[in-house]
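Take a look at the structure set out below.
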Amino acid sequence: MNNKDRINNYIIDDFGIDIRLINMAENAEKEMLHELGDIDEIAMFNQLKVLKAFQEVGVSDAHFGWNTGYGYDDVGREVVERVFAKVFDSEKALVRPNIVNGTHAISLALLGLLKREDKLIYATGKPYDTLQSVIGYKEGQESSGTLKDLGIDYEEINLLSDGSFDIENIREASDKASNRVMIAIQRSKGYSLRNSITVNQIKELVTEIRKFKNGLHIIIMVDNCYCEFTEYDNPISVGADIICGSLIKNPGGGLALSGGYLCGRSDLIDQASFRLTCPGIGAECGLTFGQNRSILQGLFQSPRVTADSVKGALLCGRIFQNLGFTVSPNKDLNERCDIIQAIVLNSEEAVQAFCSGIQSAAPIDSHVTPVPAPMPGYDNDIIMAAGTFVQGASIELSADGPLREPYAVYFQGGLTYEHSKIGVLMAAQRLIDAGIIENIT
């Protein structure tokens, strides 16, 4: 018996996977050889960039310690933020474990930088569900400190049908503003089926924005969640003013226990830090609770972990498209810029079966069956499969989605490609077992 047969027999006997699915995965991998090579080259470039940042900042063992109380003079915290600033080509960074998620990081930028009668323009259409609560979409939020409650104007401009920015309507919305303007870009698709936004697209938009009559004074903010280290460049290097993200996604490398980051212009980071703590204190205080080492080590290995997650998303999309499902992105898209793969499954039953397969492939709580449930910030019940070492860490193998039409599920993560692959196979197997997939070619 050769090694390939030994592995396949183990997958069949111990994980209960149909041999036809295994063959389909092997054929998909052959089709993906060029893309897999490109992903490895991007990982190599970003690994070198991260390494150089560590060396230039002078990270040492002494920076893994931490103090107590107010967190004054925490040299480890300061080093973490200097490394992040270098990695993301920015003047300054705010990286803290008490930024609870990506939505919190983005809200620090929105609420910290925008004042009454300023205007926020979302250039990628309706933002992610939890951001809608920050903006003030919903009734009953009049006194909750949303942007609307604070007197900040808001407008959203949908992407054009080809996925490009609607420059003319963005310009018109900006020109009508009576005060300062922030243009926000959500790179990842959220719970939609559009393609994610590449750095090249951001570069083109930035170039156009700077031509607006108020262009030099517009703040360009990018929600960078799920997109770090998926390309050679990043939004700051092509002219964005500030980017935001979560440490339990790509840049935490699976090791950060919590936290978020903002990188960008020094003055903007300072203003956001006053929202995190309070005016006059800003980034000078804030305990890191011993997370400096895990944040730095996670960042160091993030380019490789992210690459494996992108490979897993690529395989997932290829297999489910070959099985006849609508997927986003599909195999005709040459350029991926996040770790998320959307699959339209068309029924609540199929979404639950898919997520059950992902959960059963997990190293943690593999015996648990995920069920839809209400979640803060969402109008629909959400189902989440995430047997992760860090709760909610979507750089680890996970899948989730809202229980609403068209019943799409969003697959992401995997600390290793091998784990992503077995997750894809087990999700497909659960759909076979439920009678949802009947024909495998």
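Ligands are numbered from 1 in the order shown, residues from 1 within each chain, and chains are lettered A, B, ... in the order they appear in the structure tokens.
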Might you pull out every residue within 8 Å of segment 208-216 of chain A, with only C-alpha atoms counted and same-chain residues fewer than 4 positions away left off, and present them as a PyMOL selection string?
-> chain A and resi 167+171+174-175+204
Extract, using only C-alpha atoms, all DNA, RNA and protein residues at most 9 Å from Met24 of chain A, discarding same-chain residues fewer than 3 positions from it, and format them as a PyMOL selection string.
-> chain A and resi 19-21+27-29+319+322+440-441
Could you please write out, as a PyMOL selection string, every residue of segment 9-116 of chain A that DSSP assigns to strand (DSSP E or B)?
-> chain A and resi 92-96
Skipping near chain neighbours, those fewer than 3 positions away, what residues fall within 9 Å of Asp40 of chain A using only C-alpha atoms, listed as a ChimeraX atom specification?
-> /A:35-37,43-45,304,307-308
re atom CA of Thr326 of chain A and atom CA of Ile343 of chain A: distance 6.1 Å
All residues 10 Å or closer to Arg275 of chain A, only C-alpha atoms, same chain fewer than 2 positions away omitted, as number ranges by chain = A: 107-113, 270-273, 277-279, 281-283
Could you please determine the separation between atom CA of Glu349 of chain A and atom CA of Gln186 of chain A in Å, to one decimal place?
->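 About the pair atom CA of Glu349 of chain A and atom CA of Gln186 of chain A: they are 29.7 Å apart.
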Considering only C-alpha atoms, return as a list in words whatever protein or nucleic-acid residues lie within 7 Å of Lys148 of chain A, sequence-local ones (same chain, fewer than 4 positions apart) excluded.
-> Ile135, Gly136, Ile152 and Asp153 of chain A
Grab the residues selected above and save them as a PDB file, in the first residue's frame with N, CA, C and O atoms.
ATOM      1  N   ILE A 135     -24.042  52.181  13.417  1.00  0.00           N
ATOM      2  CA  ILE A 135     -24.490  53.321  12.616  1.00  0.00           C
ATOM      3  C   ILE A 135     -25.840  53.844  13.108  1.00  0.00           C
ATOM      4  O   ILE A 135     -26.067  55.055  13.153  1.00  0.00           O
ATOM      5  N   GLY A 136     -26.717  52.923  13.494  1.00  0.00           N
ATOM      6  CA  GLY A 136     -28.028  53.338  13.999  1.00  0.00           C
ATOM      7  C   GLY A 136     -29.155  53.039  13.050  1.00  0.00           C
ATOM      8  O   GLY A 136     -30.103  53.816  12.917  1.00  0.00           O
ATOM      9  N   ILE A 152     -24.382  62.390  13.235  1.00  0.00           N
ATOM     10  CA  ILE A 152     -23.459  62.166  12.116  1.00  0.00           C
ATOM     11  C   ILE A 152     -24.269  61.673  10.921  1.00  0.00           C
ATOM     12  O   ILE A 152     -25.037  60.710  11.024  1.00  0.00           O
ATOM     13  N   ASP A 153     -24.099  62.330   9.806  1.00  0.00           N
ATOM     14  CA  ASP A 153     -24.841  61.982   8.595  1.00  0.00           C
ATOM     15  C   ASP A 153     -24.297  60.673   8.026  1.00  0.00           C
ATOM     16  O   ASP A 153     -23.116  60.352   8.181  1.00  0.00           O
TER      17      ASP A 153
END
Would you mind listing, for every residue of segment 63-125 of chain A within 8 Å of segment 253-260 of chain A, the two atoms forming the shortest contact and the distance between them in Å to one decimal, using only C-alpha atoms, sorted by chain and ascending residue number, as a tab-separated table?
residue	atom	partner	partner_atom	distance
A:Val95	CA	A:Gly260	CA	5.9
A:Arg96	CA	A:Gly259	CA	5.4
A:Pro97	CA	A:Gly259	CA	3.7
A:Asn98	CA	A:Gly259	CA	5.6
A:Ile99	CA	A:Gly259	CA	4.7
A:Val100	CA	A:Gly259	CA	5.5
A:Asn101	CA	A:Gly260	CA	6.0
A:Gly102	CA	A:Gly260	CA	6.2
A:His104	CA	A:Gly260	CA	7.9
A:Ala105	CA	A:Gly260	CA	5.9
How many Å lie between atom CA of Ala123 of chain A and atom CA of Ile382 of chain A, rounded to one decimal?
->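 A separation of 25.9 Å between them.
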